[in-house]
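Below is the file protein-v7.cif, which contains mmCIF, C-alpha atoms and all ligand atoms.
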data_input
loop_
_atom_site.group_PDB
_atom_site.id
_atom_site.type_symbol
_atom_site.label_atom_id
_atom_site.label_comp_id
_atom_site.auth_asym_id
_atom_site.auth_seq_id
_atom_site.Cartn_x
_atom_site.Cartn_y
_atom_site.Cartn_z
ATOM 1 C CA MET J 228 90.522 73.662 106.380
ATOM 2 C CA ILE J 229 89.079 70.392 105.094
ATOM 3 C CA CYS J 230 92.073 68.655 103.590
ATOM 4 C CA ASP J 231 95.540 68.521 102.160
ATOM 5 C CA LEU J 232 96.141 65.212 100.440
ATOM 6 C CA HIS J 233 99.567 65.652 98.844
ATOM 7 C CA THR J 234 102.530 66.545 101.070
ATOM 8 C CA HIS J 235 106.126 65.413 101.524
ATOM 9 C CA SER J 236 108.074 64.789 104.726
ATOM 10 C CA ALA J 237 111.807 64.257 105.210
ATOM 11 C CA PHE J 238 111.372 60.696 103.908
ATOM 12 C CA SER J 239 111.234 62.400 100.499
ATOM 13 C CA PRO J 240 114.785 63.261 99.403
ATOM 14 C CA ASP J 241 113.708 66.782 98.375
ATOM 15 C CA ALA J 242 111.894 67.683 101.625
ATOM 16 C CA LYS J 243 113.268 68.494 105.070
ATOM 17 C CA ASP J 244 110.632 68.563 107.807
ATOM 18 C CA THR J 245 109.938 65.382 109.759
ATOM 19 C CA ALA J 246 106.636 63.561 109.403
ATOM 20 C CA GLN J 247 105.867 64.406 113.022
ATOM 21 C CA ALA J 248 106.525 68.129 112.499
ATOM 22 C CA MET J 249 104.309 68.083 109.398
ATOM 23 C CA ILE J 250 101.489 66.331 111.255
ATOM 24 C CA LEU J 251 101.685 68.711 114.224
ATOM 25 C CA LYS J 252 101.498 71.661 111.818
ATOM 26 C CA ALA J 253 98.451 70.132 110.082
ATOM 27 C CA ILE J 254 96.753 69.631 113.482
ATOM 28 C CA ASP J 255 97.610 73.204 114.427
ATOM 29 C CA MET J 256 96.015 74.451 111.191
ATOM 30 C CA GLY J 257 92.864 72.444 111.886
ATOM 31 C CA ILE J 258 93.181 70.312 108.760
ATOM 32 C CA GLN J 259 90.680 67.460 109.005
ATOM 33 C CA TYR J 260 91.978 65.089 106.332
ATOM 34 C CA TYR J 261 95.731 65.110 105.986
ATOM 35 C CA ALA J 262 97.960 62.863 103.893
ATOM 36 C CA ILE J 263 101.707 62.472 103.732
ATOM 37 C CA THR J 264 102.569 61.123 100.300
ATOM 38 C CA ASP J 265 106.333 60.734 100.129
ATOM 39 C CA HIS J 266 108.092 60.052 96.859
ATOM 40 C CA CYS J 267 108.605 56.611 95.453
ATOM 41 C CA ASP J 268 110.099 57.073 91.994
ATOM 42 C CA CYS J 269 110.041 53.457 90.825
ATOM 43 C CA ASN J 270 112.868 53.922 88.316
ATOM 44 C CA PHE J 271 115.071 55.043 91.246
ATOM 45 C CA TRP J 272 114.279 51.941 93.318
ATOM 46 C CA GLU J 273 117.911 50.885 93.828
ATOM 47 C CA MET J 274 120.873 52.976 94.997
ATOM 48 C CA PRO J 275 122.485 55.242 92.337
ATOM 49 C CA PRO J 276 124.982 53.661 89.951
ATOM 50 C CA SER J 277 127.433 56.471 90.844
ATOM 51 C CA PRO J 278 127.286 59.557 93.093
ATOM 52 C CA ASP J 279 127.597 61.827 90.046
ATOM 53 C CA VAL J 280 124.474 60.609 88.326
ATOM 54 C CA ARG J 281 121.684 63.179 87.884
ATOM 55 C CA ASP J 282 119.158 63.011 90.767
ATOM 56 C CA ALA J 283 121.502 60.738 92.761
ATOM 57 C CA ASP J 284 119.730 61.694 95.982
ATOM 58 C CA MET J 285 116.371 60.521 94.631
ATOM 59 C CA TYR J 286 117.639 56.948 94.215
ATOM 60 C CA GLY J 287 117.108 54.186 96.779
ATOM 61 C CA SER J 288 113.338 54.646 96.951
ATOM 62 C CA ARG J 289 113.038 51.018 98.119
ATOM 63 C CA TYR J 290 114.413 52.222 101.471
ATOM 64 C CA TYR J 291 112.814 55.601 102.062
ATOM 65 C CA ALA J 292 109.361 54.786 100.654
ATOM 66 C CA LYS J 293 108.965 51.822 103.001
ATOM 67 C CA ALA J 294 110.399 53.859 105.892
ATOM 68 C CA SER J 295 107.823 56.579 105.250
ATOM 69 C CA ILE J 296 104.940 54.089 105.244
ATOM 70 C CA SER J 297 106.155 52.501 108.514
ATOM 71 C CA ARG J 298 106.541 55.880 110.187
ATOM 72 C CA LEU J 299 103.096 57.058 109.102
ATOM 73 C CA ASP J 300 101.512 53.853 110.274
ATOM 74 C CA ASP J 301 103.028 54.507 113.724
ATOM 75 C CA MET J 302 101.998 58.177 113.649
ATOM 76 C CA LYS J 303 98.379 57.171 112.986
ATOM 77 C CA LYS J 304 98.339 55.383 116.327
ATOM 78 C CA ILE J 305 99.568 58.518 118.089
ATOM 79 C CA TYR J 306 97.734 61.309 116.254
ATOM 80 C CA GLY J 307 94.785 59.467 114.687
ATOM 81 C CA GLY J 308 92.366 60.954 117.219
ATOM 82 C CA GLN J 309 93.279 64.519 116.303
ATOM 83 C CA LEU J 310 92.900 64.386 112.520
ATOM 84 C CA GLU J 311 92.225 61.848 109.786
ATOM 85 C CA LEU J 312 95.818 60.935 109.044
ATOM 86 C CA ILE J 313 96.188 59.263 105.673
ATOM 87 C CA CYS J 314 99.156 57.034 104.914
ATOM 88 C CA GLY J 315 99.936 57.775 101.290
ATOM 89 C CA ILE J 316 102.677 57.506 98.726
ATOM 90 C CA GLU J 317 103.431 59.361 95.479
ATOM 91 C CA LEU J 318 104.226 56.469 93.177
ATOM 92 C CA ALA J 319 106.023 57.778 90.095
ATOM 93 C CA GLN J 320 106.919 56.059 86.826
ATOM 94 C CA PRO J 321 105.482 52.682 87.972
ATOM 95 C CA LEU J 322 105.810 51.231 84.474
ATOM 96 C CA GLN J 323 109.538 51.985 84.450
ATOM 97 C CA ASN J 324 109.956 49.397 87.237
ATOM 98 C CA LEU J 325 106.772 47.399 87.489
ATOM 99 C CA GLU J 326 108.145 44.956 90.050
ATOM 100 C CA ALA J 327 108.987 47.828 92.432
ATOM 101 C CA ALA J 328 105.571 49.392 91.864
ATOM 102 C CA GLN J 329 103.788 46.119 92.685
ATOM 103 C CA LYS J 330 105.800 45.772 95.904
ATOM 104 C CA ILE J 331 104.711 49.220 97.077
ATOM 105 C CA VAL J 332 101.046 49.069 96.082
ATOM 106 C CA SER J 333 100.610 45.684 97.763
ATOM 107 C CA ASP J 334 101.534 47.217 101.155
ATOM 108 C CA LYS J 335 98.351 46.854 103.204
ATOM 109 C CA ARG J 336 99.222 49.823 105.442
ATOM 110 C CA LEU J 337 98.672 52.270 102.583
ATOM 111 C CA ASP J 338 95.509 54.359 102.476
ATOM 112 C CA MET J 339 96.178 56.201 99.256
ATOM 113 C CA VAL J 340 98.418 56.016 96.204
ATOM 114 C CA ILE J 341 98.981 59.028 93.940
ATOM 115 C CA GLY J 342 100.132 57.932 90.487
ATOM 116 C CA SER J 343 102.580 60.458 89.062
ATOM 117 C CA HIS J 344 104.795 60.906 86.049
ATOM 118 C CA HIS J 345 107.843 63.169 86.416
ATOM 119 C CA MET J 346 110.023 61.901 83.573
ATOM 120 C CA ASN J 347 109.520 60.197 80.258
ATOM 121 C CA LYS J 348 111.210 56.874 79.658
ATOM 122 C CA GLY J 349 114.965 57.386 79.196
ATOM 123 C CA LYS J 350 114.743 61.109 79.966
ATOM 124 C CA ASP J 351 115.442 63.261 83.033
ATOM 125 C CA ASP J 352 112.727 64.788 85.194
ATOM 126 C CA PHE J 353 111.072 67.704 83.362
ATOM 127 C CA TYR J 354 112.566 69.831 86.126
ATOM 128 C CA TRP J 355 116.027 69.189 84.638
ATOM 129 C CA LEU J 356 115.247 69.428 80.931
ATOM 130 C CA GLU J 357 116.633 72.471 79.140
ATOM 131 C CA LEU J 358 113.237 73.335 77.734
ATOM 132 C CA GLY J 359 114.285 76.948 77.117
ATOM 133 C CA LYS J 360 116.839 75.750 74.556
ATOM 134 C CA MET J 361 114.416 73.491 72.691
ATOM 135 C CA SER J 362 112.282 74.235 69.664
ATOM 136 C CA ARG J 363 108.504 74.227 69.932
ATOM 137 C CA GLU J 364 108.447 70.928 67.994
ATOM 138 C CA GLN J 365 110.833 69.274 70.448
ATOM 139 C CA VAL J 366 108.777 70.397 73.442
ATOM 140 C CA GLU J 367 105.567 69.273 71.733
ATOM 141 C CA ARG J 368 107.117 65.856 71.120
ATOM 142 C CA LEU J 369 108.052 65.553 74.798
ATOM 143 C CA LEU J 370 104.487 66.407 75.773
ATOM 144 C CA GLU J 371 103.145 63.856 73.324
ATOM 145 C CA ASP J 372 105.281 61.169 75.014
ATOM 146 C CA TYR J 373 104.324 62.510 78.439
ATOM 147 C CA PHE J 374 100.581 62.089 77.844
ATOM 148 C CA SER J 375 100.997 58.775 76.101
ATOM 149 C CA GLU J 376 103.062 57.351 78.998
ATOM 150 C CA ILE J 377 100.432 58.637 81.433
ATOM 151 C CA LEU J 378 97.742 56.859 79.438
ATOM 152 C CA ASP J 379 99.744 53.609 79.731
ATOM 153 C CA MET J 380 100.028 54.192 83.481
ATOM 154 C CA CYS J 381 96.246 54.709 83.718
ATOM 155 C CA VAL J 382 95.599 51.479 81.802
ATOM 156 C CA TRP J 383 97.796 49.738 84.428
ATOM 157 C CA GLY J 384 95.742 51.651 86.974
ATOM 158 C CA GLU J 385 96.998 50.406 90.351
ATOM 159 C CA PHE J 386 96.783 53.808 92.021
ATOM 160 C CA ASP J 387 93.929 55.919 93.381
ATOM 161 C CA VAL J 388 94.377 59.392 91.924
ATOM 162 C CA LEU J 389 96.418 60.732 89.032
ATOM 163 C CA GLY J 390 98.907 63.283 90.381
ATOM 164 C CA HIS J 391 99.441 66.761 88.947
ATOM 165 C CA LEU J 392 98.391 66.109 85.327
ATOM 166 C CA THR J 393 100.171 68.676 83.050
ATOM 167 C CA TYR J 394 103.228 68.748 85.351
ATOM 168 C CA PRO J 395 105.606 69.733 82.457
ATOM 169 C CA LEU J 396 103.589 72.912 81.854
ATOM 170 C CA ARG J 397 104.996 74.168 85.162
ATOM 171 C CA TYR J 398 108.473 74.293 83.603
ATOM 172 C CA ILE J 399 107.376 75.214 80.088
ATOM 173 C CA ALA J 400 105.634 78.330 81.468
ATOM 174 C CA GLU J 401 108.815 79.218 83.330
ATOM 175 C CA ARG J 402 111.378 78.630 80.578
ATOM 176 C CA CYS J 403 109.873 78.771 77.076
ATOM 177 C CA GLU J 404 109.140 81.896 75.056
ATOM 178 C CA PHE J 405 106.316 80.240 73.139
ATOM 179 C CA GLU J 406 102.941 78.928 74.223
ATOM 180 C CA ILE J 407 101.827 75.393 73.508
ATOM 181 C CA ASP J 408 98.593 74.761 71.650
ATOM 182 C CA MET J 409 97.086 72.190 73.999
ATOM 183 C CA SER J 410 94.287 71.221 71.604
ATOM 184 C CA GLN J 411 96.623 68.680 69.974
ATOM 185 C CA TYR J 412 96.556 66.638 73.232
ATOM 186 C CA GLU J 413 92.804 66.848 73.736
ATOM 187 C CA GLU J 414 92.158 63.352 72.426
ATOM 188 C CA VAL J 415 94.773 61.614 74.583
ATOM 189 C CA ILE J 416 93.682 63.582 77.663
ATOM 190 C CA ARG J 417 90.087 62.481 77.063
ATOM 191 C CA GLU J 418 91.334 58.905 76.741
ATOM 192 C CA ILE J 419 93.229 59.284 80.054
ATOM 193 C CA PHE J 420 90.067 60.538 81.775
ATOM 194 C CA LYS J 421 87.898 57.846 80.195
ATOM 195 C CA THR J 422 90.306 55.177 81.472
ATOM 196 C CA LEU J 423 90.396 56.647 84.984
ATOM 197 C CA ILE J 424 86.617 56.995 85.183
ATOM 198 C CA ARG J 425 86.038 53.448 83.929
ATOM 199 C CA ASN J 426 88.213 52.182 86.806
ATOM 200 C CA ASP J 427 86.699 54.515 89.449
ATOM 201 C CA LYS J 428 89.967 56.421 89.785
ATOM 202 C CA GLY J 429 90.317 60.126 90.377
ATOM 203 C CA ILE J 430 92.491 63.099 89.633
ATOM 204 C CA GLU J 431 93.963 65.595 92.033
ATOM 205 C CA ILE J 432 93.895 69.355 91.900
ATOM 206 C CA ASN J 433 97.535 70.077 92.729
ATOM 207 C CA THR J 434 97.829 73.642 93.980
ATOM 208 C CA SER J 435 101.650 73.887 93.756
ATOM 209 C CA GLY J 436 101.362 75.744 90.441
ATOM 210 C CA LEU J 437 99.618 78.618 92.213
ATOM 211 C CA ARG J 438 102.875 79.501 93.962
ATOM 212 C CA GLN J 439 104.999 79.125 90.826
ATOM 213 C CA PRO J 440 105.308 81.209 87.643
ATOM 214 C CA ILE J 441 102.570 79.205 85.860
ATOM 215 C CA GLY J 442 100.084 80.623 88.410
ATOM 216 C CA LYS J 443 97.516 77.858 87.855
ATOM 217 C CA THR J 444 96.608 74.563 89.460
ATOM 218 C CA LEU J 445 97.864 71.339 87.865
ATOM 219 C CA PRO J 446 95.749 70.529 85.993
ATOM 220 C CA ASP J 447 93.980 73.839 85.502
ATOM 221 C CA ILE J 448 90.245 74.481 85.627
ATOM 222 C CA ARG J 449 89.660 73.498 81.997
ATOM 223 C CA TYR J 450 90.762 69.908 82.584
ATOM 224 C CA VAL J 451 89.194 69.614 86.031
ATOM 225 C CA LYS J 452 85.906 70.633 84.395
ATOM 226 C CA LEU J 453 86.417 68.197 81.528
ATOM 227 C CA PHE J 454 87.040 65.360 84.014
ATOM 228 C CA HIS J 455 83.866 66.289 85.887
ATOM 229 C CA ASP J 456 81.774 66.645 82.729
ATOM 230 C CA MET J 457 82.966 63.283 81.420
ATOM 231 C CA GLY J 458 81.610 61.680 84.605
ATOM 232 C CA GLY J 459 84.615 61.758 86.947
ATOM 233 C CA SER J 460 83.583 61.763 90.585
ATOM 234 C CA VAL J 461 86.780 61.182 92.576
ATOM 235 C CA ILE J 462 88.621 64.455 93.148
ATOM 236 C CA THR J 463 91.299 65.253 95.734
ATOM 237 C CA ILE J 464 93.140 68.470 96.534
ATOM 238 C CA GLY J 465 96.770 68.675 97.569
ATOM 239 C CA SER J 466 99.329 71.416 98.062
ATOM 240 C CA ASP J 467 102.387 69.267 97.211
ATOM 241 C CA ALA J 468 103.997 70.912 100.254
ATOM 242 C CA HIS J 469 107.671 70.049 100.699
ATOM 243 C CA SER J 470 107.872 71.819 104.081
ATOM 244 C CA CYS J 471 105.655 72.681 107.071
ATOM 245 C CA ALA J 472 105.362 76.238 105.770
ATOM 246 C CA GLU J 473 103.702 75.076 102.541
ATOM 247 C CA ILE J 474 101.048 72.841 104.123
ATOM 248 C CA GLY J 475 97.596 73.957 103.054
ATOM 249 C CA ALA J 476 98.926 76.442 100.468
ATOM 250 C CA GLY J 477 96.304 77.136 97.819
ATOM 251 C CA ILE J 478 93.867 74.566 99.187
ATOM 252 C CA GLU J 479 91.046 77.084 99.578
ATOM 253 C CA ASP J 480 91.484 78.061 95.894
ATOM 254 C CA GLY J 481 91.478 74.390 94.927
ATOM 255 C CA ILE J 482 88.233 73.827 96.817
ATOM 256 C CA LYS J 483 86.630 76.830 95.104
ATOM 257 C CA LEU J 484 87.684 75.445 91.749
ATOM 258 C CA ALA J 485 86.221 71.993 92.476
ATOM 259 C CA GLU J 486 82.980 73.596 93.578
ATOM 260 C CA GLU J 487 82.854 75.885 90.551
ATOM 261 C CA VAL J 488 83.094 73.045 88.032
ATOM 262 C CA GLY J 489 80.357 71.131 89.851
ATOM 263 C CA PHE J 490 81.929 68.615 92.242
ATOM 264 C CA GLU J 491 79.616 68.150 95.207
ATOM 265 C CA TYR J 492 82.114 66.142 97.200
ATOM 266 C CA LEU J 493 85.856 65.880 97.739
ATOM 267 C CA SER J 494 87.477 62.507 98.233
ATOM 268 C CA TYR J 495 89.963 61.011 100.638
ATOM 269 C CA PHE J 496 91.036 57.416 101.065
ATOM 270 C CA ARG J 497 91.042 54.854 103.830
ATOM 271 C CA LYS J 498 92.853 51.593 102.975
ATOM 272 C CA ARG J 499 92.604 52.412 99.281
ATOM 273 C CA VAL J 500 88.817 52.943 99.393
ATOM 274 C CA PRO J 501 87.560 56.369 98.261
ATOM 275 C CA LEU J 502 85.365 58.145 100.773
ATOM 276 C CA MET J 503 83.508 61.388 100.208
ATOM 277 C CA VAL J 504 83.420 64.558 102.271
ATOM 278 C CA THR J 505 81.115 67.481 101.673
ATOM 279 C CA TYR J 506 82.462 71.026 101.623
HETATM 280 ZN ZN ZN J 601 105.118 64.906 91.845
HETATM 281 ZN ZN ZN J 602 104.629 65.532 95.206
#
Give the structure from the file, written as structure tokens.
Amino acid sequence: MICDLHTHSAFSPDAKDTAQAMILKAIDMGIQYYAITDHCDCNFWEMPPSPDVRDADMYGSRYYAKASISRLDDMKKIYGGQLELICGIELAQPLQNLEAAQKIVSDKRLDMVIGSHHMNKGKDDFYWLELGKMSREQVERLLEDYFSEILDMCVWGEFDVLGHLTYPLRYIAERCEFEIDMSQYEEVIREIFKTLIRNDKGIEINTSGLRQPIGKTLPDIRYVKLFHDMGGSVITIGSDAHSCAEIGAGIEDGIKLAEEVGFEYLSYFRKRVPLMVTY
């Protein structure tokens, strides 16, 4: 297997397996380019205001994000000869705490930064939203804010690849009776891609959706093709594994998809510089 560039170790509050166990599994599977990209939700930089707050365990990212980077930097010295180990981070909601985001992205040990958006400003993670109880209009409004906040994040642009674009669709597919007409977001999605391409940034094909009710990659083939056709050249593939067992899940399908829409190369990163690998 060529790569898996989006995985979480126990330095992510929602994952359990140690970085070392994850790396040994990746070596065992023969993965050539392997990244651990633990969470750093910038709006959860400090410790939680109270233990009862929603997502209390995700708070304190200033501690675990740095700990993850330090650990991976050490692991590279031990396992670097056995696979291309990439020291990454999944930086989420950077604009909701810009100072925190700047502190993380300026860390010279980082190879790769995934820019993600899990929650709109002032709202919970889409994972927590009671989408099944909302009207179509309410859900559409949330999506409108979602894409617009992503566009702002892309204009800021201090990351390497945009993580799992269309993340809310994962939960909409699971919980809503209706389907969303995505054509209303076409313009903002094109603007997102234009901004990324102008700054030589990429998108990822996140294969987590393949093992969830949505049954598609995030984003799906339509948007991966659009990104390619608009001139995008930086594309990564990641499973978003939160355990050893999920490493590499769906990667072969992701590679097929990239190939099908016309990408000749996949990307990985070394010290924030995109490098290309052929299939
Ligand atoms: Zn994510
Ligand atoms: Zn992730």
Checklist entry - Applied to this file, what does the PyMOL selection byres (((chain J and resi 236) around 10) and not hetatm) return in terms of residues, put as a list of chain:residue names? => result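 Against this file, the PyMOL selection byres (((chain J and resi 236) around 10) and not hetatm) returns the residues J:Thr234, J:His235, J:Ala237, J:Phe238, J:Ser239, J:Pro240, J:Asp241, J:Ala242, J:Lys243, J:Asp244, J:Thr245, J:Ala246, J:Gln247, J:Ala248, J:Met249, J:Ile250, J:Ile263, J:Thr264, J:Asp265, J:His266, J:Ser295, J:Ala468, J:His469, J:Ser470, J:Cys471.
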Item to check | Selection dump of the PyMOL selection byres (((chain J and resi 262) around 9) and not hetatm), as an MDAnalysis selection string | outcome: chainID J and resid 230:235 250 260:261 263:264 311:316 338:339 465 495
Item to check | Of the listed residues J:Gln439, J:Gln320, J:Asn426, J:Ser333, that which approaches ligand ZN 601 (chain J) most closely, counting all atoms listed in the file | outcome: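 Nearest candidate to ligand ZN 601 (chain J) out of J:Gln439, J:Gln320, J:Asn426, J:Ser333: J:Gln320.
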Next on the checklist: Around (102.3, 75.5, 100.4), as given in the file, which residues come within 6 Å? Count only C-alpha atoms and list them as a VMD selection string.
Outcome noted: chain J and resid 466 468 473 to 476
Next on the checklist: I'd like the neighbourhood of Glu367 of chain J as a PyMOL selection string, where a residue qualifies if any of its atoms comes within 8 Å (using all atoms listed in the file), though same-chain residues fewer than 4 positions away should be ignored.
Outcome noted: chain J and resi 363+371+407
Item to check | Test item: residues no farther than 8 Å from ligand ZN 601 (chain J), counting all atoms listed in the file, as a ChimeraX atom specification | outcome: /J:266,317,319,343-345,390-391,394,467
Item to check | Distance of atom CA of Ile424 of chain J from atom CA of Gly458 of chain J, expressed in Å to one decimal place | outcome: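 Rounded to one decimal, the two atoms are 6.9 Å apart.
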Checklist entry - Rounded to one decimal in Å, what is the spacing between atom CA of Asp456 of chain J and atom ZN of ligand ZN 602 (chain J)? => result 26.1 Å
Next on the checklist: the PyMOL selection byres (((chain J and resi 506) around 9) and not hetatm) - which residues does that actually catch in the file I just gave you? List them as an NGL selection string.
Outcome noted: :J and (229 or 482 or 486 or 491-493 or 504-505)
Next on the checklist: As an exercise, work out the distance from atom CA of Leu369 of chain J to atom CA of Val415 of chain J in Å and give it to one decimal place.
Outcome noted: 13.9 Å
Next on the checklist: Using all atoms listed in the file for the distances, tell me which of J:Met285, J:Val388, J:Leu445, J:Met256 is nearest to Ile341 of chain J.
Outcome noted: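 Answer, going by the shortest atom-to-atom distance: J:Val388.
Closest approach to ligand ZN 602 (chain J) from the set J:Cys267, J:Ile462, J:Tyr412, J:Ile305 is made by J:Cys267, with distances taken over only C-alpha atoms and all ligand atoms.
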Checklist entry - With all atoms listed in the file as the basis for distance, which of J:Ala400, J:Ile377, J:Val340, J:Ile416 is at the shortest distance from ligand ZN 602 (chain J)? => result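 Smallest separation from ligand ZN 602 (chain J) among the options: J:Val340.
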Next on the checklist: Just want the 8 Å neighbourhood of Gly429 of chain J, counted on all atoms listed in the file, with same-chain residues fewer than 5 positions away dropped. Output as JSON, numbers by chain.
Outcome noted: {"J": [387, 388, 389, 423, 424, 459, 460, 461, 462, 463]}
Checklist entry - Can you list, as JSON, numbers by chain, every protein, DNA or RNA residue that comes within 8 Å of segment 450-455 of chain J when you count all atoms listed in the file, leaving out same-chain residues fewer than 2 positions away? => result {"J": [420, 432, 446, 447, 448, 457, 458, 459, 460, 485, 488, 489, 490]}
Checklist entry - Using all atoms listed in the file, which of the listed residues (J:Glu273, J:Glu418, J:Glu413, J:Glu357) sits closest to Met380 of chain J? => result J:Glu418
Kindly complete segment 404-416 of chain J to N, CA and C atoms; the output should be written as a compact mmCIF listing (two decimals), in the frame of the given file.
# COMPACT_ATOMS: atom_id res chain seq x y z
N GLU J 404 109.67 80.62 75.55
CA GLU J 404 109.14 81.90 75.06
C GLU J 404 107.77 81.70 74.42
N PHE J 405 107.56 80.49 73.89
CA PHE J 405 106.32 80.24 73.14
C PHE J 405 105.26 79.58 74.03
N GLU J 406 104.02 79.63 73.53
CA GLU J 406 102.94 78.93 74.22
C GLU J 406 102.63 77.65 73.46
N ILE J 407 102.15 76.67 74.15
CA ILE J 407 101.83 75.39 73.51
C ILE J 407 100.33 75.35 73.22
N ASP J 408 100.00 74.95 72.00
CA ASP J 408 98.59 74.76 71.65
C ASP J 408 98.16 73.40 72.21
N MET J 409 97.42 73.44 73.30
CA MET J 409 97.09 72.19 74.00
C MET J 409 96.02 71.37 73.29
N SER J 410 95.37 71.96 72.26
CA SER J 410 94.29 71.22 71.60
C SER J 410 94.80 69.94 70.95
N GLN J 411 96.08 69.89 70.60
CA GLN J 411 96.62 68.68 69.97
C GLN J 411 96.66 67.48 70.94
N TYR J 412 96.53 67.74 72.24
CA TYR J 412 96.56 66.64 73.23
C TYR J 412 95.17 66.30 73.77
N GLU J 413 94.18 67.01 73.23
CA GLU J 413 92.80 66.85 73.74
C GLU J 413 92.36 65.38 73.71
N GLU J 414 92.65 64.72 72.59
CA GLU J 414 92.16 63.35 72.43
C GLU J 414 92.79 62.40 73.46
N VAL J 415 94.10 62.53 73.64
CA VAL J 415 94.77 61.61 74.58
C VAL J 415 94.36 61.94 76.02
N ILE J 416 94.13 63.21 76.31
CA ILE J 416 93.68 63.58 77.66
C ILE J 416 92.28 63.02 77.93
